[in-house]
Structures are given as C-alpha cells and as structure tokens.
>>> print(open('start.pdb').read())   # PDB, C-alpha atoms and all ligand atoms
ATOM      1  CA  MET A 911    -103.920 167.024  64.599
ATOM      2  CA  MET A 912    -103.841 170.498  63.077
ATOM      3  CA  LYS A 913    -103.836 171.922  66.574
ATOM      4  CA  LYS A 914    -100.888 169.758  67.534
ATOM      5  CA  VAL A 915     -98.878 170.836  64.480
ATOM      6  CA  LEU A 916     -99.690 174.442  65.167
ATOM      7  CA  SER A 917     -98.597 174.222  68.763
ATOM      8  CA  MET A 918     -95.400 172.478  67.718
ATOM      9  CA  VAL A 919     -94.685 175.258  65.255
ATOM     10  CA  LEU A 920     -95.309 177.726  68.022
ATOM     11  CA  VAL A 921     -92.934 175.930  70.379
ATOM     12  CA  LEU A 922     -90.296 175.849  67.647
ATOM     13  CA  MET A 923     -90.705 179.553  66.998
ATOM     14  CA  ILE A 924     -90.327 180.354  70.660
ATOM     15  CA  LEU A 925     -87.239 178.163  70.857
ATOM     16  CA  CYS A 926     -85.682 179.862  67.839
ATOM     17  CA  VAL A 927     -86.403 183.319  69.123
ATOM     18  CA  SER A 928     -85.015 182.585  72.572
ATOM     19  CA  ALA A 929     -81.917 180.961  71.090
ATOM     20  CA  ALA A 930     -81.357 184.021  68.955
ATOM     21  CA  MET A 931     -81.879 186.141  72.028
ATOM     22  CA  ALA A 932     -79.348 184.358  74.205
ATOM     23  CA  GLU A 933     -77.365 187.201  75.632
ATOM     24  CA  THR A 934     -73.700 187.366  74.678
ATOM     25  CA  LEU A 935     -71.058 187.916  77.324
ATOM     26  CA  LYS A 936     -67.847 189.571  76.233
ATOM     27  CA  MET A 937     -64.626 188.325  77.761
ATOM     28  CA  GLY A 938     -61.576 190.574  77.596
ATOM     29  CA  SER A 939     -58.380 188.569  77.196
ATOM     30  CA  SER A 940     -54.880 188.791  75.782
ATOM     31  CA  ILE A 941     -54.690 185.831  73.408
ATOM     32  CA  ASP A 942     -50.962 185.201  73.688
ATOM     33  CA  PHE A 943     -50.729 182.965  76.704
ATOM     34  CA  ALA A 944     -50.694 179.228  76.022
ATOM     35  CA  PRO A 945     -52.015 177.067  77.659
ATOM     36  CA  TYR A 946     -54.561 179.560  79.065
ATOM     37  CA  GLU A 947     -55.582 181.517  75.948
ATOM     38  CA  TYR A 948     -54.025 181.259  72.498
ATOM     39  CA  TYR A 949     -54.786 180.801  68.831
ATOM     40  CA  ASP A 950     -54.863 177.227  67.587
ATOM     41  CA  ASP A 951     -52.114 177.007  64.941
ATOM     42  CA  GLU A 952     -54.228 174.898  62.617
ATOM     43  CA  THR A 953     -57.751 176.260  62.974
ATOM     44  CA  GLY A 954     -57.053 179.812  64.110
ATOM     45  CA  ASP A 955     -59.641 179.307  66.868
ATOM     46  CA  ILE A 956     -59.080 180.797  70.296
ATOM     47  CA  ILE A 957     -58.512 177.921  72.709
ATOM     48  CA  GLY A 958     -57.078 177.225  76.149
ATOM     49  CA  ILE A 959     -57.910 176.626  79.794
ATOM     50  CA  ASP A 960     -59.470 180.052  80.427
ATOM     51  CA  VAL A 961     -61.491 179.840  77.225
ATOM     52  CA  GLU A 962     -62.946 176.450  78.134
ATOM     53  CA  ILE A 963     -63.734 177.434  81.709
ATOM     54  CA  ALA A 964     -65.462 180.617  80.517
ATOM     55  CA  GLN A 965     -67.383 178.606  77.929
ATOM     56  CA  ALA A 966     -68.476 176.085  80.573
ATOM     57  CA  VAL A 967     -69.758 178.883  82.822
ATOM     58  CA  CYS A 968     -71.605 180.509  79.899
ATOM     59  CA  ASP A 969     -73.128 177.164  78.878
ATOM     60  CA  LYS A 970     -74.343 176.640  82.418
ATOM     61  CA  LEU A 971     -75.918 180.091  82.594
ATOM     62  CA  GLY A 972     -77.267 180.145  79.028
ATOM     63  CA  TYR A 973     -75.042 182.875  77.615
ATOM     64  CA  ASP A 974     -73.126 182.983  74.371
ATOM     65  CA  LEU A 975     -69.437 183.788  74.785
ATOM     66  CA  GLU A 976     -67.539 186.307  72.718
ATOM     67  CA  ILE A 977     -63.816 186.763  73.287
ATOM     68  CA  VAL A 978     -62.283 190.172  72.696
ATOM     69  CA  ASP A 979     -58.513 189.965  72.166
ATOM     70  CA  MET A 980     -56.788 192.992  73.652
ATOM     71  CA  GLN A 981     -53.504 194.014  75.160
ATOM     72  CA  PHE A 982     -53.172 192.599  78.679
ATOM     73  CA  ASP A 983     -52.671 195.969  80.326
ATOM     74  CA  SER A 984     -55.911 197.347  78.885
ATOM     75  CA  ILE A 985     -58.214 194.555  80.103
ATOM     76  CA  ILE A 986     -58.954 196.000  83.549
ATOM     77  CA  ALA A 987     -59.899 199.359  82.032
ATOM     78  CA  ALA A 988     -62.187 197.561  79.551
ATOM     79  CA  VAL A 989     -63.819 195.671  82.428
ATOM     80  CA  VAL A 990     -64.252 198.809  84.523
ATOM     81  CA  SER A 991     -65.751 200.805  81.638
ATOM     82  CA  GLY A 992     -68.125 197.979  80.675
ATOM     83  CA  LYS A 993     -66.586 197.464  77.252
ATOM     84  CA  VAL A 994     -66.365 193.788  78.220
ATOM     85  CA  ASP A 995     -68.415 191.886  80.810
ATOM     86  CA  PHE A 996     -65.463 190.231  82.495
ATOM     87  CA  GLY A 997     -61.722 189.805  82.192
ATOM     88  CA  MET A 998     -60.156 186.363  82.072
ATOM     89  CA  SER A 999     -56.546 186.180  81.014
ATOM     90  CA  GLY A1000     -54.511 184.266  83.534
ATOM     91  CA  PHE A1001     -55.224 187.145  85.931
ATOM     92  CA  THR A1002     -53.356 187.015  89.199
ATOM     93  CA  VAL A1003     -55.280 188.314  92.173
ATOM     94  CA  THR A1004     -53.446 191.303  93.641
ATOM     95  CA  GLU A1005     -54.440 193.823  96.306
ATOM     96  CA  GLU A1006     -53.774 196.638  93.886
ATOM     97  CA  ARG A1007     -56.096 195.232  91.215
ATOM     98  CA  LYS A1008     -58.755 194.605  93.872
ATOM     99  CA  GLN A1009     -59.084 198.341  94.245
ATOM    100  CA  ASN A1010     -60.463 198.528  90.708
ATOM    101  CA  VAL A1011     -62.173 195.193  90.095
ATOM    102  CA  ASP A1012     -63.810 192.324  91.960
ATOM    103  CA  PHE A1013     -62.211 188.899  91.595
ATOM    104  CA  SER A1014     -64.055 185.596  91.398
ATOM    105  CA  THR A1015     -63.115 182.593  93.458
ATOM    106  CA  THR A1016     -59.630 181.537  92.353
ATOM    107  CA  TYR A1017     -59.566 178.652  89.888
ATOM    108  CA  THR A1018     -55.883 177.733  89.792
ATOM    109  CA  THR A1019     -52.437 178.638  91.081
ATOM    110  CA  ALA A1020     -49.296 179.718  89.254
ATOM    111  CA  LYS A1021     -45.752 180.894  89.838
ATOM    112  CA  GLN A1022     -43.781 183.670  88.257
ATOM    113  CA  SER A1023     -40.849 181.912  86.627
ATOM    114  CA  VAL A1024     -37.649 182.960  84.957
ATOM    115  CA  ILE A1025     -36.704 181.841  81.433
ATOM    116  CA  VAL A1026     -33.031 182.096  80.452
ATOM    117  CA  PRO A1027     -30.872 180.859  77.576
ATOM    118  CA  VAL A1028     -29.405 177.425  78.417
ATOM    119  CA  ASP A1029     -25.889 178.900  78.788
ATOM    120  CA  SER A1030     -27.010 181.906  80.855
ATOM    121  CA  GLU A1031     -24.889 183.324  83.652
ATOM    122  CA  ILE A1032     -28.153 183.749  85.572
ATOM    123  CA  THR A1033     -28.477 180.505  87.506
ATOM    124  CA  SER A1034     -30.935 181.397  90.256
ATOM    125  CA  VAL A1035     -33.478 183.983  91.250
ATOM    126  CA  ASP A1036     -30.900 185.294  93.746
ATOM    127  CA  ASP A1037     -28.803 186.446  90.796
ATOM    128  CA  LEU A1038     -31.664 188.788  89.915
ATOM    129  CA  LEU A1039     -31.789 190.174  93.439
ATOM    130  CA  ASN A1040     -28.061 190.803  93.714
ATOM    131  CA  PRO A1041     -27.359 194.568  93.525
ATOM    132  CA  GLU A1042     -24.037 193.903  91.833
ATOM    133  CA  ASN A1043     -25.659 192.414  88.763
ATOM    134  CA  ALA A1044     -27.117 194.414  85.906
ATOM    135  CA  PHE A1045     -29.328 192.451  83.535
ATOM    136  CA  SER A1046     -31.832 193.309  80.893
ATOM    137  CA  ILE A1047     -35.106 191.711  81.956
ATOM    138  CA  GLY A1048     -38.050 191.119  79.628
ATOM    139  CA  VAL A1049     -41.653 191.124  80.846
ATOM    140  CA  GLN A1050     -45.135 191.605  79.457
ATOM    141  CA  ILE A1051     -46.302 195.094  80.319
ATOM    142  CA  GLY A1052     -48.645 195.363  83.286
ATOM    143  CA  THR A1053     -48.292 191.721  84.336
ATOM    144  CA  THR A1054     -47.292 190.661  87.817
ATOM    145  CA  GLY A1055     -43.891 189.705  86.395
ATOM    146  CA  ASP A1056     -43.508 193.365  85.442
ATOM    147  CA  LEU A1057     -44.921 194.691  88.737
ATOM    148  CA  TYR A1058     -42.811 192.443  90.999
ATOM    149  CA  ILE A1059     -39.467 193.019  89.300
ATOM    150  CA  THR A1060     -40.183 196.740  88.985
ATOM    151  CA  ASP A1061     -40.855 196.878  92.739
ATOM    152  CA  ASP A1062     -37.748 194.850  93.547
ATOM    153  CA  VAL A1063     -35.560 197.031  91.363
ATOM    154  CA  GLU A1064     -36.890 200.169  93.026
ATOM    155  CA  ALA A1065     -36.934 198.859  96.579
ATOM    156  CA  ASN A1066     -33.432 197.349  96.444
ATOM    157  CA  GLY A1067     -31.722 199.801  94.143
ATOM    158  CA  LEU A1068     -30.995 197.096  91.556
ATOM    159  CA  GLN A1069     -29.240 198.008  88.328
ATOM    160  CA  HIS A1070     -31.357 195.996  85.879
ATOM    161  CA  THR A1071     -33.151 197.511  82.945
ATOM    162  CA  ILE A1072     -36.677 196.263  82.379
ATOM    163  CA  GLU A1073     -37.921 195.834  78.821
ATOM    164  CA  ARG A1074     -41.726 195.792  78.670
ATOM    165  CA  TYR A1075     -43.513 194.113  75.765
ATOM    166  CA  ASN A1076     -47.143 194.317  74.679
ATOM    167  CA  LYS A1077     -47.541 190.646  73.952
ATOM    168  CA  ALA A1078     -45.879 187.762  75.798
ATOM    169  CA  PRO A1079     -44.260 186.195  72.686
ATOM    170  CA  ASP A1080     -42.514 189.510  71.926
ATOM    171  CA  ALA A1081     -40.506 189.049  75.127
ATOM    172  CA  ILE A1082     -39.451 185.598  73.954
ATOM    173  CA  VAL A1083     -38.382 186.968  70.572
ATOM    174  CA  ALA A1084     -36.241 189.494  72.462
ATOM    175  CA  LEU A1085     -34.749 186.718  74.593
ATOM    176  CA  ASN A1086     -33.957 184.605  71.535
ATOM    177  CA  SER A1087     -32.210 187.511  69.861
ATOM    178  CA  GLY A1088     -30.190 188.369  72.973
ATOM    179  CA  LYS A1089     -31.887 191.708  73.500
ATOM    180  CA  VAL A1090     -32.859 190.647  77.026
ATOM    181  CA  ASP A1091     -31.060 188.255  79.398
ATOM    182  CA  CYS A1092     -34.161 186.640  80.866
ATOM    183  CA  VAL A1093     -37.948 186.786  80.815
ATOM    184  CA  ILE A1094     -40.167 186.691  83.899
ATOM    185  CA  ILE A1095     -43.522 185.089  83.159
ATOM    186  CA  ASP A1096     -46.073 182.607  84.533
ATOM    187  CA  ASP A1097     -44.722 179.068  84.909
ATOM    188  CA  GLN A1098     -46.989 177.088  82.588
ATOM    189  CA  VAL A1099     -46.648 179.720  79.884
ATOM    190  CA  ALA A1100     -42.897 179.720  80.412
ATOM    191  CA  LEU A1101     -42.868 175.947  80.048
ATOM    192  CA  ALA A1102     -44.813 176.165  76.781
ATOM    193  CA  PHE A1103     -42.309 178.719  75.436
ATOM    194  CA  VAL A1104     -39.317 176.633  76.546
ATOM    195  CA  ASN A1105     -40.808 173.583  74.851
ATOM    196  CA  SER A1106     -41.381 175.397  71.586
ATOM    197  CA  ASN A1107     -38.100 177.360  71.475
ATOM    198  CA  GLU A1108     -34.740 175.676  71.363
ATOM    199  CA  GLY A1109     -31.945 176.892  73.644
ATOM    200  CA  LEU A1110     -34.108 178.158  76.499
ATOM    201  CA  LYS A1111     -34.622 176.778  80.000
ATOM    202  CA  LEU A1112     -36.412 177.605  83.225
ATOM    203  CA  LEU A1113     -34.666 178.466  86.466
ATOM    204  CA  ASP A1114     -35.462 175.922  89.184
ATOM    205  CA  THR A1115     -36.853 178.316  91.730
ATOM    206  CA  ALA A1116     -39.969 180.379  91.279
ATOM    207  CA  TYR A1117     -39.943 184.111  91.659
ATOM    208  CA  ALA A1118     -43.411 184.434  93.206
ATOM    209  CA  LEU A1119     -46.506 182.332  93.907
ATOM    210  CA  GLU A1120     -49.936 183.488  92.845
ATOM    211  CA  GLU A1121     -53.569 182.603  92.185
ATOM    212  CA  TYR A1122     -55.678 183.167  89.086
ATOM    213  CA  ALA A1123     -59.216 184.528  89.090
ATOM    214  CA  ILE A1124     -61.719 186.220  86.788
ATOM    215  CA  CYS A1125     -62.282 189.943  87.181
ATOM    216  CA  PHE A1126     -65.504 191.934  87.087
ATOM    217  CA  ALA A1127     -66.446 195.555  87.394
ATOM    218  CA  LYS A1128     -67.285 196.423  90.984
ATOM    219  CA  GLU A1129     -71.002 195.891  91.676
ATOM    220  CA  SER A1130     -71.333 193.902  88.449
ATOM    221  CA  ALA A1131     -74.822 192.362  88.243
ATOM    222  CA  LEU A1132     -73.198 189.322  86.659
ATOM    223  CA  TYR A1133     -70.845 188.599  89.529
ATOM    224  CA  ASP A1134     -72.966 186.383  91.798
ATOM    225  CA  SER A1135     -74.406 184.031  89.199
ATOM    226  CA  PHE A1136     -71.122 183.766  87.321
ATOM    227  CA  ASN A1137     -69.116 183.075  90.445
ATOM    228  CA  THR A1138     -71.630 180.524  91.736
ATOM    229  CA  ALA A1139     -71.493 178.681  88.407
ATOM    230  CA  LEU A1140     -67.692 178.790  88.507
ATOM    231  CA  GLU A1141     -67.663 177.410  92.053
ATOM    232  CA  GLU A1142     -69.955 174.566  90.983
ATOM    233  CA  LEU A1143     -67.649 173.754  88.070
ATOM    234  CA  ILE A1144     -64.706 173.713  90.460
ATOM    235  CA  ALA A1145     -66.593 171.490  92.949
ATOM    236  CA  ASP A1146     -67.749 168.950  90.348
ATOM    237  CA  GLY A1147     -64.269 168.547  88.852
ATOM    238  CA  THR A1148     -64.978 170.209  85.499
ATOM    239  CA  VAL A1149     -62.346 172.894  86.002
ATOM    240  CA  GLN A1150     -59.700 170.353  86.986
ATOM    241  CA  SER A1151     -60.468 168.198  83.957
ATOM    242  CA  ILE A1152     -60.112 171.241  81.679
ATOM    243  CA  ILE A1153     -56.755 172.051  83.288
ATOM    244  CA  ASP A1154     -55.617 168.426  82.957
ATOM    245  CA  LYS A1155     -56.464 168.509  79.265
ATOM    246  CA  TYR A1156     -53.864 171.242  78.712
ATOM    247  CA  ILE A1157     -51.339 170.601  81.469
ATOM    248  CA  THR A1158     -49.856 167.173  82.027
ATOM    249  CA  ALA A1159     -48.851 166.779  85.666
ATOM    250  CA  GLU A1160     -45.125 166.636  86.091
TER     251      GLU A1160
HETATM  252  N1  LIG B1201     -50.590 186.266  85.750
HETATM  253  C1  LIG B1201     -50.001 187.448  85.264
HETATM  254  C2  LIG B1201     -50.797 188.651  85.710
HETATM  255  O1  LIG B1201     -51.907 188.535  86.132
HETATM  256  C3  LIG B1201     -49.837 187.473  83.748
HETATM  257  C4  LIG B1201     -51.074 187.310  82.955
HETATM  258  C5  LIG B1201     -50.860 187.603  81.483
HETATM  259  N2  LIG B1201     -51.937 187.140  80.702
HETATM  260  C6  LIG B1201     -51.933 187.064  79.343
HETATM  261  N3  LIG B1201     -52.964 186.540  78.769
HETATM  262  N4  LIG B1201     -50.944 187.525  78.646
HETATM  263  O2  LIG B1201     -50.343 189.753  85.655
END
>>> encode(input="start.pdb", output="structure tokens")
Amino acid sequence: MMKKVLSMVLVLMILCVSAAMAETLKMGSSIDFAPYEYYDDETGDIIGIDVEIAQAVCDKLGYDLEIVDMQFDSIIAAVVSGKVDFGMSGFTVTEERKQNVDFSTTYTTAKQSVIVPVDSEITSVDDLLNPENAFSIGVQIGTTGDLYITDDVEANGLQHTIERYNKAPDAIVALNSGKVDCVIIDDQVALAFVNSNEGLKLLDTAYALEEYAICFAKESALYDSFNTALEELIADGTVQSIIDKYITAE
C-alpha cells in the first residue's frame, strides 16, 4: 500500500515537473487583424484564426504558446534574429520574404482588397491603375498591400501618394477622416472593418490573390515538426473548422 502511494506521489511529481518544463514557443504577430489575430473586446484576450491554429499545433507538439504583439513590419526581423520562434500574422508568401525566412505549407488564401467610402469616386481597381488619377492610398507598412501598390506606382508612373500606417486600424481611422481615399488590405480583414464602420464599402474586384503561411528562421530546428503537425491539422479538417468559426461562407 505504502509503496503504491509512494509511487503515485512520484508519478505526480514527475508529471508536475514535466508540465512546468513544457517549452514555450513565442509567436510574433501584429494583433490588429481580425479575424486572424485581434484582442477580444470583452476579455482582452488575443483571439483569431491564426491564434487558434498556432495553439492547435502547440497542443499537438506539447508546447506552451506565447504571443508577442509587435508591429507587422518587424516580425520577420524578430523571426530571423530568434527573438520569436515563428511568425504568424496573416503572412502572405512572397518570393522576396522567402529570401529571409522559410514558409510553412500554406493554410488559407486571401485577396488584397480595396476599401472606399460608399460615395467614393473610385469604383474599380482600374481607377487605381489609371495614370491620370491621383489618390491618397492608405496601407499598413510592410504588408503586401503596401508592396504591391508601391511597385505599381513606381512601375507605371502613377501619381498617388501612399500613406503607410503602423497598425491596420490606423489606416481605417485615416479613411474615416478623409485623410486617405482608400485602403488596400486583406479581404477578410477589410470585410470586418467595413462591417464595423459605417459608410465604407469594398470594391468588387480584388487587387491581388495570395496565400498565407507561417514563417520560420532558415534552418529552424522547429520547422519540420511544426509543419508536419500543421499539415495533419489541415488534413483532418481542424484548420478548416477554425476558419469556419470566424468566417461565415458567403
Ligand atoms: N497578408 C498581408 C501581408 O502578408 C498583410 C498581413 C498583415 N498582418 C497583420 N497582422 N496586420 O503582408
């Protein structure tokens, strides 16, 4: 009997120690991007599609998850320097980023979309590509929305000015106050902003199609196990059910 109790105590102690020792993975993210990563209005918790997918991967692999909220354009540097273990923030896979980080298997698709005031003179993406027009365009700094329009302006000699904001909602504030004429941002995020701000709408056509993935430092020891777990969660439908929880199919 005594022996049994003792061995149970021992098992408990080992369990406690190993639970306390569960390694924590740090995720770099810009928490301003509903429905992917944002603060819950009521609880103040960080929630969203990316957060739940990352949590599911960590649960599977036995890690604790810690989210580090940072400016979007500093996440890749934080990943490369090892300040965080991975970056997950609605990251679009681009060739340029691939030179600095490794991307996981993609877990969803998105489109760069254009938000305008309901009475805007901008009625299509073509209006943004017309060299005769000169608009003030709001983007989040370092995002693909920023990179694509910056390239288009340079390549086609467009007259627009580009206003770059640290956090996505700052661009919407600028749009609401008339400081910018439109905002280029990911479609689901755009939809969330349009739904929570009166007087805004989305242009029908998308500006660019893209795919989201998680980024890691090159040669990261974490990459293989993390990506395998992610692929399993995609294959067994977990990822889709997380997405469906936040995005109702149109
Ligand atoms: N998909 C875009 C990109 O990769 C925007 C991502 C912005 N993410 C955020 N959490 N604010 O550049």
>>> residues_near_ligand(input="start.pdb", ligand="ligand LIG 1201 (chain B)", cutoff="7 Å", atoms="all atoms listed in the file", output="PyMOL selection string")
chain A and resi 939-943+947+982+999-1003+1052-1055+1077-1078+1095-1096+1122
>>> atom_distance(input="start.pdb", atom1="atom CA of A:Leu935", atom2="atom CA of A:Ala966")
12.5 Å
>>> resolve_selection(input="start.pdb", expression="the PyMOL selection byres (((chain A and resi 1126-1142) around 12) and not hetatm)", output="JSON, numbers by chain")
{"A": [933, 935, 936, 937, 938, 960, 962, 963, 964, 965, 966, 967, 968, 969, 970, 971, 972, 973, 985, 986, 987, 988, 989, 990, 991, 992, 993, 994, 995, 996, 997, 998, 1001, 1003, 1007, 1008, 1009, 1010, 1011, 1012, 1013, 1014, 1015, 1016, 1017, 1018, 1123, 1124, 1125, 1143, 1144, 1145, 1146, 1147, 1148, 1149, 1150]}
>>> atom_distance(input="start.pdb", atom1="atom CA of A:Asp1114", atom2="atom CA of A:Gly1067")
24.7 Å
>>> residues_around(input="start.pdb", residues="A:Thr1033", least_positions_apart="6", cutoff="12 Å", atoms="all atoms listed in the file", output="list in words")
Val1024, Ile1025, Val1026, Pro1027, Leu1039, Asp1091, Cys1092, Lys1111, Leu1112, Leu1113, Asp1114 and Thr1115 of chain A
>>> atom_distance(input="start.pdb", atom1="atom CA of A:Ile1094", atom2="atom CA of A:Ile1047")
7.4 Å
>>> closest_residue(input="start.pdb", among="A:Thr934, A:Ile957, A:Glu952, A:Val1093", to="A:Leu975", atoms="all atoms listed in the file")
A:Thr934
>>> resolve_selection(input="start.pdb", expression="the PyMOL selection byres (((chain A and resi 1062) around 12) and not hetatm)", output="short mmCIF file (atom, residue, chain, number, x, y, z; two decimals) with C-alpha atoms, in the frame of the given file")
data_model
loop_
_atom_site.label_atom_id
_atom_site.label_comp_id
_atom_site.auth_asym_id
_atom_site.auth_seq_id
_atom_site.Cartn_x
_atom_site.Cartn_y
_atom_site.Cartn_z
CA VAL A 1035 -33.48 183.98 91.25
CA ASP A 1036 -30.90 185.29 93.75
CA LEU A 1038 -31.66 188.79 89.92
CA LEU A 1039 -31.79 190.17 93.44
CA ASN A 1040 -28.06 190.80 93.71
CA PRO A 1041 -27.36 194.57 93.52
CA THR A 1054 -47.29 190.66 87.82
CA GLY A 1055 -43.89 189.70 86.40
CA ASP A 1056 -43.51 193.36 85.44
CA LEU A 1057 -44.92 194.69 88.74
CA TYR A 1058 -42.81 192.44 91.00
CA ILE A 1059 -39.47 193.02 89.30
CA THR A 1060 -40.18 196.74 88.98
CA ASP A 1061 -40.85 196.88 92.74
CA VAL A 1063 -35.56 197.03 91.36
CA GLU A 1064 -36.89 200.17 93.03
CA ALA A 1065 -36.93 198.86 96.58
CA ASN A 1066 -33.43 197.35 96.44
CA GLY A 1067 -31.72 199.80 94.14
CA LEU A 1068 -31.00 197.10 91.56
CA GLN A 1069 -29.24 198.01 88.33
CA HIS A 1070 -31.36 196.00 85.88
CA THR A 1071 -33.15 197.51 82.94
CA ILE A 1072 -36.68 196.26 82.38
CA TYR A 1117 -39.94 184.11 91.66
CA ALA A 1118 -43.41 184.43 93.21
#
>>> closest_residue(input="start.pdb", among="A:Ser1023, A:Gln1050, A:Ser917, A:Thr1004", to="A:Asp1080", atoms="only C-alpha atoms")
A:Gln1050
>>> axis_aligned_box(input="start.pdb", around="stretch 1076-1079 of chain A", padding_each_side="4 Å", output="lines of an AutoDock Vina configuration file")
center_x = -45.9
center_y = 190.3
center_z = 74.2
size_x = 11.3
size_y = 16.1
size_z = 11.1
>>> resolve_selection(input="start.pdb", expression="the PyMOL selection byres (((chain A and resi 1156) around 8) and not hetatm)", output="PyMOL selection string")
chain A and resi 945+958-959+1152-1155+1157-1158
>>> residues_near_point(input="start.pdb", point="(-43.3, 195.2, 76.8)", cutoff="7 Å", atoms="only C-alpha atoms", output="PyMOL selection string")
chain A and resi 1049-1051+1073-1077+1081
>>> closest_residue(input="start.pdb", among="A:Ala1044, A:Ile977, A:Ala1020, A:Ile1032", to="A:Glu1121", atoms="only C-alpha atoms")
A:Ala1020
>>> build_atoms(input="start.pdb", residues="stretch 975-992 of chain A", atoms="N, CA and C atoms", output="PDB file, in the coordinates of the input")
ATOM      1  N   LEU A 975     -70.718 183.189  74.373  1.00  0.00           N
ATOM      2  CA  LEU A 975     -69.437 183.788  74.785  1.00  0.00           C
ATOM      3  C   LEU A 975     -68.751 184.413  73.579  1.00  0.00           C
ATOM      4  N   GLU A 976     -68.345 185.652  73.754  1.00  0.00           N
ATOM      5  CA  GLU A 976     -67.539 186.307  72.718  1.00  0.00           C
ATOM      6  C   GLU A 976     -66.226 186.748  73.357  1.00  0.00           C
ATOM      7  N   ILE A 977     -65.112 186.407  72.713  1.00  0.00           N
ATOM      8  CA  ILE A 977     -63.816 186.763  73.287  1.00  0.00           C
ATOM      9  C   ILE A 977     -63.246 187.960  72.549  1.00  0.00           C
ATOM     10  N   VAL A 978     -62.864 188.977  73.297  1.00  0.00           N
ATOM     11  CA  VAL A 978     -62.283 190.172  72.696  1.00  0.00           C
ATOM     12  C   VAL A 978     -60.787 190.176  73.028  1.00  0.00           C
ATOM     13  N   ASP A 979     -59.967 190.022  71.988  1.00  0.00           N
ATOM     14  CA  ASP A 979     -58.513 189.965  72.166  1.00  0.00           C
ATOM     15  C   ASP A 979     -57.982 191.385  72.317  1.00  0.00           C
ATOM     16  N   MET A 980     -57.345 191.651  73.430  1.00  0.00           N
ATOM     17  CA  MET A 980     -56.788 192.992  73.652  1.00  0.00           C
ATOM     18  C   MET A 980     -55.456 192.889  74.380  1.00  0.00           C
ATOM     19  N   GLN A 981     -54.772 194.004  74.443  1.00  0.00           N
ATOM     20  CA  GLN A 981     -53.504 194.014  75.160  1.00  0.00           C
ATOM     21  C   GLN A 981     -53.771 193.749  76.639  1.00  0.00           C
ATOM     22  N   PHE A 982     -52.907 192.973  77.285  1.00  0.00           N
ATOM     23  CA  PHE A 982     -53.172 192.599  78.679  1.00  0.00           C
ATOM     24  C   PHE A 982     -53.401 193.815  79.570  1.00  0.00           C
ATOM     25  N   ASP A 983     -52.577 194.834  79.401  1.00  0.00           N
ATOM     26  CA  ASP A 983     -52.671 195.969  80.326  1.00  0.00           C
ATOM     27  C   ASP A 983     -53.855 196.885  80.042  1.00  0.00           C
ATOM     28  N   SER A 984     -54.709 196.531  79.066  1.00  0.00           N
ATOM     29  CA  SER A 984     -55.911 197.347  78.885  1.00  0.00           C
ATOM     30  C   SER A 984     -57.169 196.596  79.303  1.00  0.00           C
ATOM     31  N   ILE A 985     -57.024 195.358  79.778  1.00  0.00           N
ATOM     32  CA  ILE A 985     -58.214 194.555  80.103  1.00  0.00           C
ATOM     33  C   ILE A 985     -58.973 195.136  81.299  1.00  0.00           C
ATOM     34  N   ILE A 986     -58.248 195.500  82.352  1.00  0.00           N
ATOM     35  CA  ILE A 986     -58.954 196.000  83.549  1.00  0.00           C
ATOM     36  C   ILE A 986     -59.756 197.262  83.218  1.00  0.00           C
ATOM     37  N   ALA A 987     -59.165 198.143  82.421  1.00  0.00           N
ATOM     38  CA  ALA A 987     -59.899 199.359  82.032  1.00  0.00           C
ATOM     39  C   ALA A 987     -61.145 198.993  81.219  1.00  0.00           C
ATOM     40  N   ALA A 988     -61.034 197.980  80.358  1.00  0.00           N
ATOM     41  CA  ALA A 988     -62.187 197.561  79.551  1.00  0.00           C
ATOM     42  C   ALA A 988     -63.275 196.951  80.429  1.00  0.00           C
ATOM     43  N   VAL A 989     -62.857 196.252  81.481  1.00  0.00           N
ATOM     44  CA  VAL A 989     -63.819 195.671  82.428  1.00  0.00           C
ATOM     45  C   VAL A 989     -64.508 196.791  83.216  1.00  0.00           C
ATOM     46  N   VAL A 990     -63.713 197.723  83.702  1.00  0.00           N
ATOM     47  CA  VAL A 990     -64.252 198.809  84.523  1.00  0.00           C
ATOM     48  C   VAL A 990     -65.229 199.673  83.723  1.00  0.00           C
ATOM     49  N   SER A 991     -64.897 199.933  82.454  1.00  0.00           N
ATOM     50  CA  SER A 991     -65.751 200.805  81.638  1.00  0.00           C
ATOM     51  C   SER A 991     -66.944 200.062  81.034  1.00  0.00           C
ATOM     52  N   GLY A 992     -66.994 198.737  81.208  1.00  0.00           N
ATOM     53  CA  GLY A 992     -68.125 197.979  80.675  1.00  0.00           C
ATOM     54  C   GLY A 992     -67.982 197.609  79.212  1.00  0.00           C
TER      55      GLY A 992
END
